[in-house]
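**Student:** Provided herewith is a single structure, encoded as structure tokens, for subsequent inquiry.
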Amino acid sequence: MKKRLLIFTLILTLLCGTLVAYQALGDSRRGGTITISREEYDRLAQYAKLDEVLQYIQAYYYQEPDTDAMMDMAVQGLLAGLEDTYTFYYDAESWSDLWSEEEGEYTGIGIQLLGDYRDYSVTITRVFRDNPAEAAGLRKGDVLVRVADIEVNTETMQMAVNVMRGLVGETVEVEVYRNGEYLTFNVLRAPIHMNNIDYTMLDSNVGYVIIYQFSTESLVEDFNAAVDALEKQGATSLILDLRDNPGGWVDDAVSVADRFLDKQLVVYSKTRTEDYTDPRYTSAGADNIPLVLLVNGSSASSSEILSGCLQDHKRATIVGTTTFGKGIMQQVIPLSDGETGFQFTYCEYFTPNGNAVHKIGITPDVQVEMPESMVYSQFEVGDMTDVQLKAAWEEAVKLATPAE
């Protein structure tokens with residue numbers, strides 16, 4: 001959820017607080033007194049071990065230590081203790097890259113990833129056209145095994161992403177697992193432009209829009225412009241393709257739903273302490289064009305929010321295979337230094353009818369498996385040799401044909 005909450009830098013605050021507590025004890029021996037509550041003292045005392053290690057390193061390590069780097073790793077370690085794939089720290093570089101990516105531009109190699117909480121694997125779900133990864137030979141469906149010296153899994157995925165986003169013009173070594181083989185590629189880093197919307201008109205006046213992910217500032221504007229253009233061309237039904245869409249900002253999914261639902265519940269959540277929180281509704285007015293959603297096992301998070309609400313309200317026919325099953329939400333939190341942040345899981349979400357999504361997914365109304373030979377194919381936009389797209393098109397034609 002796109003929330004900006006300003007909080008104190010956790011580790012730094014705790015360390016400083018620990019030193020204050022120790023100073024208070026020293027002052028009392030010299031006759032001075034600093035008073036803190038027992039609750040506050042007990043809280044700070046938890047971090048005495050961390051401070052003890054830091055003091056030894058600062059005094060005796062054989063080289064001058066990089067305390068800032070140590071603090072970054074300390075925060076990463078703290079969050080890693082949650083053992084949550086979707087909770088992690090953004091150092092200064094990755095924090096800057098996060099917002100560059102939201103604007104649709106960043107430095108990298110041009111791939112989209114999805115981490116699987118079930119086996120901790122990380123798979124390439126999209127290779128951007130005309131970018132270094134495509135030129136080097138990486139493919140959709142490759143399982144990312146190693147980036148430079150980082151062994152890649154869901155816990156280290158963000159670290160691997162940070163490495164791939166290094167300096168423009170330099171190469172990074174990437175190892176993948178494909179068809180029983182381990183393959184290594186040296187991939188050039190370059191400025192990457194992400195087009196998160198593609199669209200075209202199919203036969204029988206069926207409009208076709210792909211949303212690759214919900215993660216750029218202009219996504220909703222671009223989506224509405226695409227649908228407007230197709231309707232002006234005479235579209236009588238619409239296919240919205242969310243396959244391999246890993247999600248992104250919840251606000252964007254709600255805004256896309258707003259185009260098709262008139263004052264309806266989109267999603268609500270449960271936190272550790274509350275059973276019904278933050279219900280999200282669409283506004284008045286809706287586009288009534290017949291709608292088909294195309295999904296697969298890599299459609300996750302915000303894609304599932306959109307699919308679930310449109311299915312529950314019987315506003316769209318869902319075609320494809322059962323979605324990924326990421327039914328939890330994260331908040332992105334900027335820290336007080338203005339240069340770093342973190343994200344953490346704070347709630348589980350549910351469809352309007354109260355259906356859980358996490359580790360379950362959204363079951364399509366029309367099940368269509370992709371033939372094994374095509375599972376990892378990247379089709380041109382509107383290519384009707386795509387078996388699932390053809391099935392979605394057939395459903396869209398039916399929806400647009402008046403009953404006799």
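Ordering of the structure tokens sets the chain letters (A, B, ...), residue numbers begin anew at 1 in every chain, and ligands are numbered from 1 in the order given.
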Write out as JSON lines a residue-level contact list of range 229-266 of chain A versus range 376-387 of chain A with cut-off 12 Å: for each qualifying residue the closest pair of atoms and the distance in Å to one decimal, counting only C-alpha atoms, rows sorted by chain and residue number upward.
**Tutor:**
{"residue": "A:Ile239", "atom": "CA", "partner": "A:Gly382", "partner_atom": "CA", "distance": 10.5}
{"residue": "A:Leu240", "atom": "CA", "partner": "A:Gly382", "partner_atom": "CA", "distance": 11.7}
{"residue": "A:Asp241", "atom": "CA", "partner": "A:Val381", "partner_atom": "CA", "distance": 10.5}
{"residue": "A:Arg243", "atom": "CA", "partner": "A:Gln378", "partner_atom": "CA", "distance": 11.2}
{"residue": "A:Asp244", "atom": "CA", "partner": "A:Tyr376", "partner_atom": "CA", "distance": 10.5}
**Student:** So that I have them on file, write out the residues from the current selection with N, CA and C atoms, as a tab-separated table (two decimals), in the first residue's frame.
**Tutor:**
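This is the output file part_29.tsv:
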chain	number	residue	atom	x	y	z
A	239	ILE	N	-10.02	-7.39	-23.36
A	239	ILE	CA	-9.21	-8.37	-22.63
A	239	ILE	C	-8.14	-7.60	-21.87
A	240	LEU	N	-8.06	-7.84	-20.58
A	240	LEU	CA	-7.00	-7.26	-19.75
A	240	LEU	C	-6.06	-8.40	-19.34
A	241	ASP	N	-4.83	-8.35	-19.82
A	241	ASP	CA	-3.86	-9.42	-19.61
A	241	ASP	C	-2.98	-9.10	-18.40
A	243	ARG	N	-1.15	-11.70	-16.94
A	243	ARG	CA	-0.23	-12.82	-16.80
A	243	ARG	C	1.18	-12.32	-16.49
A	244	ASP	N	1.84	-13.00	-15.57
A	244	ASP	CA	3.22	-12.68	-15.17
A	244	ASP	C	3.34	-11.31	-14.52
**Student:** Going by DSSP on the backbone, which residues of range 305-377 of chain A come out as strand (DSSP E or B)? List them as a list in words.
**Tutor:**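 Matching residues for strand (DSSP E or B) in range 305-377 of chain A are Thr317, Ile318, Val319, Gly320, Ile328, Met329, Gln330, Gln331, Val332, Ile333, Pro334, Leu335, Gly341, Phe342, Gln343, Phe344, Thr345, Tyr346, Cys347, Glu348, Tyr349, Phe350, Ala356, Val366 and Gln367 of chain A.
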**Student:** Those residues with N, CA, C and O atoms, as a CSV table (one decimal), in the first residue's frame please?
**Tutor:**
chain,number,residue,atom,x,y,z
A,317,THR,N,-15.0,-12.1,-16.8
A,317,THR,CA,-14.7,-13.5,-16.8
A,317,THR,C,-13.2,-13.7,-16.7
A,317,THR,O,-12.5,-13.1,-17.5
A,318,ILE,N,-12.8,-14.5,-15.8
A,318,ILE,CA,-11.4,-14.8,-15.6
A,318,ILE,C,-11.0,-16.0,-16.4
A,318,ILE,O,-11.6,-17.1,-16.2
A,319,VAL,N,-9.9,-15.9,-17.2
A,319,VAL,CA,-9.5,-17.0,-18.0
A,319,VAL,C,-8.0,-17.3,-17.7
A,319,VAL,O,-7.2,-16.3,-17.5
A,320,GLY,N,-7.6,-18.5,-17.8
A,320,GLY,CA,-6.2,-18.9,-17.6
A,320,GLY,C,-6.0,-20.0,-16.5
A,320,GLY,O,-6.7,-20.9,-16.5
A,328,ILE,N,-0.9,-11.0,0.9
A,328,ILE,CA,-0.5,-10.1,2.0
A,328,ILE,C,0.0,-8.8,1.4
A,328,ILE,O,0.4,-8.8,0.2
A,329,MET,N,-0.1,-7.8,2.2
A,329,MET,CA,0.4,-6.4,1.8
A,329,MET,C,1.6,-5.9,2.6
A,329,MET,O,1.7,-6.3,3.8
A,330,GLN,N,2.4,-5.1,1.9
A,330,GLN,CA,3.5,-4.5,2.6
A,330,GLN,C,3.4,-3.0,2.6
A,330,GLN,O,2.7,-2.4,1.7
A,331,GLN,N,4.0,-2.4,3.6
A,331,GLN,CA,4.2,-0.9,3.6
A,331,GLN,C,5.6,-0.6,3.4
A,331,GLN,O,6.5,-1.3,3.8
A,332,VAL,N,5.8,0.5,2.6
A,332,VAL,CA,7.2,1.0,2.4
A,332,VAL,C,7.4,2.2,3.3
A,332,VAL,O,6.7,3.1,3.2
A,333,ILE,N,8.5,2.1,4.1
A,333,ILE,CA,8.7,3.1,5.2
A,333,ILE,C,10.0,3.8,5.0
A,333,ILE,O,11.1,3.2,5.0
A,334,PRO,N,9.9,5.1,4.7
A,334,PRO,CA,11.2,5.9,4.7
A,334,PRO,C,11.7,6.1,6.1
A,334,PRO,O,10.9,6.4,7.0
A,335,LEU,N,13.0,6.0,6.2
A,335,LEU,CA,13.7,6.3,7.5
A,335,LEU,C,14.1,7.7,7.6
A,335,LEU,O,14.2,8.5,6.7
A,341,GLY,N,15.3,3.1,3.7
A,341,GLY,CA,13.9,2.7,4.1
A,341,GLY,C,13.8,1.2,4.2
A,341,GLY,O,14.8,0.5,4.0
A,342,PHE,N,12.6,0.8,4.5
A,342,PHE,CA,12.4,-0.7,4.5
A,342,PHE,C,10.9,-0.9,4.2
A,342,PHE,O,10.1,0.0,4.2
A,343,GLN,N,10.6,-2.2,3.8
A,343,GLN,CA,9.2,-2.6,3.7
A,343,GLN,C,9.0,-3.8,4.6
A,343,GLN,O,9.9,-4.6,4.8
A,344,PHE,N,7.8,-3.9,5.0
A,344,PHE,CA,7.4,-5.0,5.9
A,344,PHE,C,6.0,-5.4,5.7
A,344,PHE,O,5.1,-4.6,5.2
A,345,THR,N,5.6,-6.7,5.9
A,345,THR,CA,4.3,-7.2,5.8
A,345,THR,C,3.5,-6.8,7.0
A,345,THR,O,3.8,-7.0,8.1
A,346,TYR,N,2.3,-6.1,6.7
A,346,TYR,CA,1.5,-5.6,7.9
A,346,TYR,C,0.1,-6.2,7.9
A,346,TYR,O,-0.6,-6.0,8.9
A,347,CYS,N,-0.4,-6.8,6.8
A,347,CYS,CA,-1.7,-7.3,6.9
A,347,CYS,C,-1.9,-8.4,5.8
A,347,CYS,O,-1.1,-8.6,4.9
A,348,GLU,N,-3.0,-9.1,5.9
A,348,GLU,CA,-3.5,-10.1,4.9
A,348,GLU,C,-4.7,-9.4,4.3
A,348,GLU,O,-5.5,-8.8,5.0
A,349,TYR,N,-4.9,-9.6,3.0
A,349,TYR,CA,-6.1,-9.0,2.4
A,349,TYR,C,-7.0,-10.1,1.9
A,349,TYR,O,-6.7,-11.2,1.7
A,350,PHE,N,-8.3,-9.6,1.6
A,350,PHE,CA,-9.4,-10.5,1.3
A,350,PHE,C,-10.2,-9.9,0.2
A,350,PHE,O,-10.3,-8.7,0.1
A,356,ALA,N,-10.0,-15.6,1.1
A,356,ALA,CA,-8.5,-15.5,1.3
A,356,ALA,C,-7.8,-15.8,0.0
A,356,ALA,O,-8.3,-16.6,-0.8
A,366,VAL,N,-12.7,-19.8,-16.4
A,366,VAL,CA,-12.4,-20.7,-17.5
A,366,VAL,C,-10.9,-21.1,-17.4
A,366,VAL,O,-10.0,-20.3,-17.6
A,367,GLN,N,-10.7,-22.4,-17.1
A,367,GLN,CA,-9.3,-22.9,-17.0
A,367,GLN,C,-8.7,-23.2,-18.3
A,367,GLN,O,-9.3,-24.0,-19.1
**Student:** Between CA of Val152 in chain A and CA of Ile210 in chain A, what is the distance in Å, rounded to a tenth?
**Tutor:**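 Between these atoms lies a distance of 28.6 Å.
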**Student:** Could you give me, as number ranges by chain, each residue of range 195-289 of chain A that DSSP assigns to helix (DSSP H, G or I) when run on this structure's backbone?
**Tutor:** A: 203-205, 219-232, 250-258
**Student:** Skipping near chain neighbours, those fewer than 2 positions away, what residues fall within 7 Å of Lys326 in chain A using only C-alpha atoms, listed as a compact mmCIF listing (two decimals) with C-alpha atoms, in the first residue's frame?
**Tutor:**
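The result, stored in result.txt:
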# COMPACT_ATOMS: atom_id res chain seq x y z
CA ALA A 300 0.41 -12.00 -7.99
CA SER A 301 -0.45 -9.43 -5.34
CA PHE A 324 0.21 -17.13 -7.53
CA ILE A 328 -0.50 -10.13 2.00
CA VAL A 357 -5.92 -15.29 -1.43
CA HIS A 358 -2.67 -16.01 0.40
CA LYS A 359 -1.19 -19.37 -0.61
**Student:** If you count only C-alpha atoms, which residues fall within 6 Å of range 158-174 of chain A, apart from same-chain ones fewer than 4 positions away, as a PDB file with all heavy atoms, in the first residue's frame?
**Tutor:**
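Output below, filename out39.pdb:
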ATOM      1  N   SER A  94      19.622   1.296  -3.175  1.00  0.00           N
ATOM      2  CA  SER A  94      18.396   0.599  -3.568  1.00  0.00           C
ATOM      3  C   SER A  94      17.162   1.448  -3.295  1.00  0.00           C
ATOM      4  O   SER A  94      16.153   1.337  -4.002  1.00  0.00           O
ATOM      5  CB  SER A  94      18.289  -0.754  -2.855  1.00  0.00           C
ATOM      6  OG  SER A  94      18.341  -0.604  -1.456  1.00  0.00           O
ATOM      7  N   THR A 107      18.638   1.941 -13.828  1.00  0.00           N
ATOM      8  CA  THR A 107      19.808   1.281 -14.394  1.00  0.00           C
ATOM      9  C   THR A 107      19.779  -0.186 -14.019  1.00  0.00           C
ATOM     10  O   THR A 107      19.545  -0.530 -12.859  1.00  0.00           O
ATOM     11  CB  THR A 107      21.100   1.922 -13.854  1.00  0.00           C
ATOM     12  OG1 THR A 107      21.149   3.282 -14.279  1.00  0.00           O
ATOM     13  CG2 THR A 107      22.319   1.184 -14.364  1.00  0.00           C
ATOM     14  N   GLY A 108      20.001  -1.061 -14.990  1.00  0.00           N
ATOM     15  CA  GLY A 108      19.960  -2.486 -14.695  1.00  0.00           C
ATOM     16  C   GLY A 108      20.244  -3.297 -15.931  1.00  0.00           C
ATOM     17  O   GLY A 108      20.926  -2.842 -16.857  1.00  0.00           O
ATOM     18  N   ARG A 146      22.482 -17.226  -9.387  1.00  0.00           N
ATOM     19  CA  ARG A 146      23.578 -16.443  -8.821  1.00  0.00           C
ATOM     20  C   ARG A 146      23.733 -15.139  -9.582  1.00  0.00           C
ATOM     21  O   ARG A 146      23.600 -15.098 -10.801  1.00  0.00           O
ATOM     22  CB  ARG A 146      24.883 -17.253  -8.894  1.00  0.00           C
ATOM     23  CG  ARG A 146      26.110 -16.534  -8.334  1.00  0.00           C
ATOM     24  CD  ARG A 146      27.350 -17.426  -8.397  1.00  0.00           C
ATOM     25  NE  ARG A 146      27.606 -17.912  -9.758  1.00  0.00           N
ATOM     26  CZ  ARG A 146      28.245 -17.204 -10.694  1.00  0.00           C
ATOM     27  NH1 ARG A 146      28.678 -15.987 -10.426  1.00  0.00           N
ATOM     28  NH2 ARG A 146      28.439 -17.725 -11.884  1.00  0.00           N
ATOM     29  N   VAL A 147      24.022 -14.053  -8.841  1.00  0.00           N
ATOM     30  CA  VAL A 147      24.382 -12.766  -9.422  1.00  0.00           C
ATOM     31  C   VAL A 147      25.694 -12.340  -8.790  1.00  0.00           C
ATOM     32  O   VAL A 147      25.763 -12.146  -7.567  1.00  0.00           O
ATOM     33  CB  VAL A 147      23.303 -11.702  -9.176  1.00  0.00           C
ATOM     34  CG1 VAL A 147      23.786 -10.334  -9.653  1.00  0.00           C
ATOM     35  CG2 VAL A 147      22.005 -12.079  -9.875  1.00  0.00           C
ATOM     36  N   ALA A 148      26.759 -12.242  -9.603  1.00  0.00           N
ATOM     37  CA  ALA A 148      28.114 -11.998  -9.086  1.00  0.00           C
ATOM     38  C   ALA A 148      28.425 -13.082  -8.052  1.00  0.00           C
ATOM     39  O   ALA A 148      28.393 -14.257  -8.385  1.00  0.00           O
ATOM     40  CB  ALA A 148      28.236 -10.581  -8.532  1.00  0.00           C
ATOM     41  N   THR A 184      25.729 -19.515 -17.580  1.00  0.00           N
ATOM     42  CA  THR A 184      26.287 -18.267 -17.070  1.00  0.00           C
ATOM     43  C   THR A 184      26.345 -17.229 -18.186  1.00  0.00           C
ATOM     44  O   THR A 184      26.748 -17.532 -19.315  1.00  0.00           O
ATOM     45  CB  THR A 184      27.703 -18.498 -16.499  1.00  0.00           C
ATOM     46  OG1 THR A 184      27.630 -19.458 -15.442  1.00  0.00           O
ATOM     47  CG2 THR A 184      28.274 -17.197 -15.946  1.00  0.00           C
ATOM     48  N   PHE A 185      25.952 -16.003 -17.861  1.00  0.00           N
ATOM     49  CA  PHE A 185      25.934 -14.907 -18.826  1.00  0.00           C
ATOM     50  C   PHE A 185      26.627 -13.688 -18.223  1.00  0.00           C
ATOM     51  O   PHE A 185      26.486 -13.404 -17.033  1.00  0.00           O
ATOM     52  CB  PHE A 185      24.492 -14.517 -19.182  1.00  0.00           C
ATOM     53  CG  PHE A 185      23.671 -15.635 -19.761  1.00  0.00           C
ATOM     54  CD1 PHE A 185      22.995 -16.522 -18.927  1.00  0.00           C
ATOM     55  CD2 PHE A 185      23.573 -15.808 -21.128  1.00  0.00           C
ATOM     56  CE1 PHE A 185      22.226 -17.554 -19.455  1.00  0.00           C
ATOM     57  CE2 PHE A 185      22.818 -16.844 -21.670  1.00  0.00           C
ATOM     58  CZ  PHE A 185      22.142 -17.712 -20.830  1.00  0.00           C
ATOM     59  N   ASN A 186      27.368 -12.972 -19.048  1.00  0.00           N
ATOM     60  CA  ASN A 186      27.898 -11.666 -18.668  1.00  0.00           C
ATOM     61  C   ASN A 186      27.019 -10.612 -19.326  1.00  0.00           C
ATOM     62  O   ASN A 186      26.979 -10.496 -20.555  1.00  0.00           O
ATOM     63  CB  ASN A 186      29.350 -11.506 -19.110  1.00  0.00           C
ATOM     64  CG  ASN A 186      30.292 -12.320 -18.256  1.00  0.00           C
ATOM     65  OD1 ASN A 186      30.325 -12.133 -17.041  1.00  0.00           O
ATOM     66  ND2 ASN A 186      31.054 -13.222 -18.861  1.00  0.00           N
ATOM     67  N   VAL A 187      26.297  -9.857 -18.490  1.00  0.00           N
ATOM     68  CA  VAL A 187      25.262  -8.951 -18.994  1.00  0.00           C
ATOM     69  C   VAL A 187      25.656  -7.507 -18.726  1.00  0.00           C
ATOM     70  O   VAL A 187      26.051  -7.154 -17.610  1.00  0.00           O
ATOM     71  CB  VAL A 187      23.899  -9.252 -18.331  1.00  0.00           C
ATOM     72  CG1 VAL A 187      22.792  -8.472 -19.035  1.00  0.00           C
ATOM     73  CG2 VAL A 187      23.597 -10.746 -18.361  1.00  0.00           C
ATOM     74  N   LEU A 188      25.519  -6.691 -19.741  1.00  0.00           N
ATOM     75  CA  LEU A 188      25.856  -5.275 -19.641  1.00  0.00           C
ATOM     76  C   LEU A 188      24.776  -4.528 -18.865  1.00  0.00           C
ATOM     77  O   LEU A 188      23.582  -4.758 -19.064  1.00  0.00           O
ATOM     78  CB  LEU A 188      25.985  -4.681 -21.048  1.00  0.00           C
ATOM     79  CG  LEU A 188      26.576  -3.272 -21.167  1.00  0.00           C
ATOM     80  CD1 LEU A 188      28.065  -3.298 -20.825  1.00  0.00           C
ATOM     81  CD2 LEU A 188      26.357  -2.753 -22.596  1.00  0.00           C
ATOM     82  N   ARG A 189      25.182  -3.646 -17.978  1.00  0.00           N
ATOM     83  CA  ARG A 189      24.226  -2.763 -17.308  1.00  0.00           C
ATOM     84  C   ARG A 189      23.968  -1.545 -18.190  1.00  0.00           C
ATOM     85  O   ARG A 189      24.900  -1.007 -18.796  1.00  0.00           O
ATOM     86  CB  ARG A 189      24.762  -2.303 -15.946  1.00  0.00           C
ATOM     87  CG  ARG A 189      25.012  -3.423 -14.938  1.00  0.00           C
ATOM     88  CD  ARG A 189      25.529  -2.819 -13.649  1.00  0.00           C
ATOM     89  NE  ARG A 189      25.790  -3.788 -12.613  1.00  0.00           N
ATOM     90  CZ  ARG A 189      26.993  -4.298 -12.327  1.00  0.00           C
ATOM     91  NH1 ARG A 189      28.044  -3.938 -13.072  1.00  0.00           N
ATOM     92  NH2 ARG A 189      27.147  -5.151 -11.342  1.00  0.00           N
ATOM     93  N   ALA A 190      22.714  -1.101 -18.234  1.00  0.00           N
ATOM     94  CA  ALA A 190      22.349   0.024 -19.100  1.00  0.00           C
ATOM     95  C   ALA A 190      21.123   0.723 -18.521  1.00  0.00           C
ATOM     96  O   ALA A 190      20.420   0.168 -17.665  1.00  0.00           O
ATOM     97  CB  ALA A 190      22.057  -0.475 -20.518  1.00  0.00           C
TER      98      ALA A 190
END
**Student:** Could you tell me which of A:Glu394, A:Glu40, A:Asp262, A:Glu175 comes closest to Thr282 in chain A if we count only C-alpha atoms?
**Tutor:** A:Asp262
**Student:** Taking only C-alpha atoms into account, which of A:Tyr281, A:Phe260, A:Tyr212, A:Phe223 comes nearest Ser298 in chain A?
**Tutor:**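 Result for the nearest residue to Ser298 in chain A: A:Tyr212.
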**Student:** CA of Thr123 in chain A to CA of Asn179 in chain A: how many Å, to one decimal?
**Tutor:**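 Atom-to-atom, CA of Thr123 in chain A and CA of Asn179 in chain A are spaced 13.1 Å apart.
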**Student:** Any idea what's packed within 7 Å of Val122 in chain A, counting only C-alpha atoms, ignoring anything in its chain fewer than 2 positions away? Could you give it as a list in words?
**Tutor:**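 Using only C-alpha atoms, the neighbours found are Leu113, Leu114, Gly115, Asp116, Tyr120, Ile124, Val143, Leu144, Asn153 and Thr154 of chain A.
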**Student:** Quick one, how far is CA of Asp68 in chain A from CA of Tyr41 in chain A?
**Tutor:**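 According to the coordinates, CA of Asp68 in chain A and CA of Tyr41 in chain A are separated by 25.4 Å.
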**Student:** With only C-alpha atoms as the basis for distance, which of A:Ser373, A:Ser121, A:Ser307, A:Ser96 is at the shortest distance from Gly338 in chain A?
**Tutor:**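 Residue with the minimum atom-to-atom distance to Gly338 in chain A: A:Ser96.
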**Student:** Name all residues at most 9 Å from Leu138 in chain A (count only C-alpha atoms; drop same-chain ones fewer than 3 positions away) and give them as a list in words.
**Tutor:** Ile111, Ile124, Val127, Pro132, Ala133, Glu134, Ala135, Asp142, Val176 and Phe185 of chain A
**Student:** Take the residues that were just selected and, keeping C-alpha atoms, output them as a JSON list (two decimals), in the first residue's frame.
**Tutor:**
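Saved as selection-v3.json:
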[["chain", "number", "residue", "atom", "x", "y", "z"],
["A", 111, "ILE", "CA", 14.47, -8.35, -16.33],
["A", 124, "ILE", "CA", 12.60, -14.36, -14.51],
["A", 127, "VAL", "CA", 12.76, -9.97, -20.30],
["A", 132, "PRO", "CA", 20.85, -6.09, -22.32],
["A", 133, "ALA", "CA", 19.31, -9.21, -20.79],
["A", 134, "GLU", "CA", 17.59, -10.08, -24.06],
["A", 135, "ALA", "CA", 20.79, -9.43, -26.02],
["A", 142, "ASP", "CA", 15.03, -18.92, -16.29],
["A", 176, "VAL", "CA", 20.53, -19.27, -14.30],
["A", 185, "PHE", "CA", 25.93, -14.91, -18.83]]
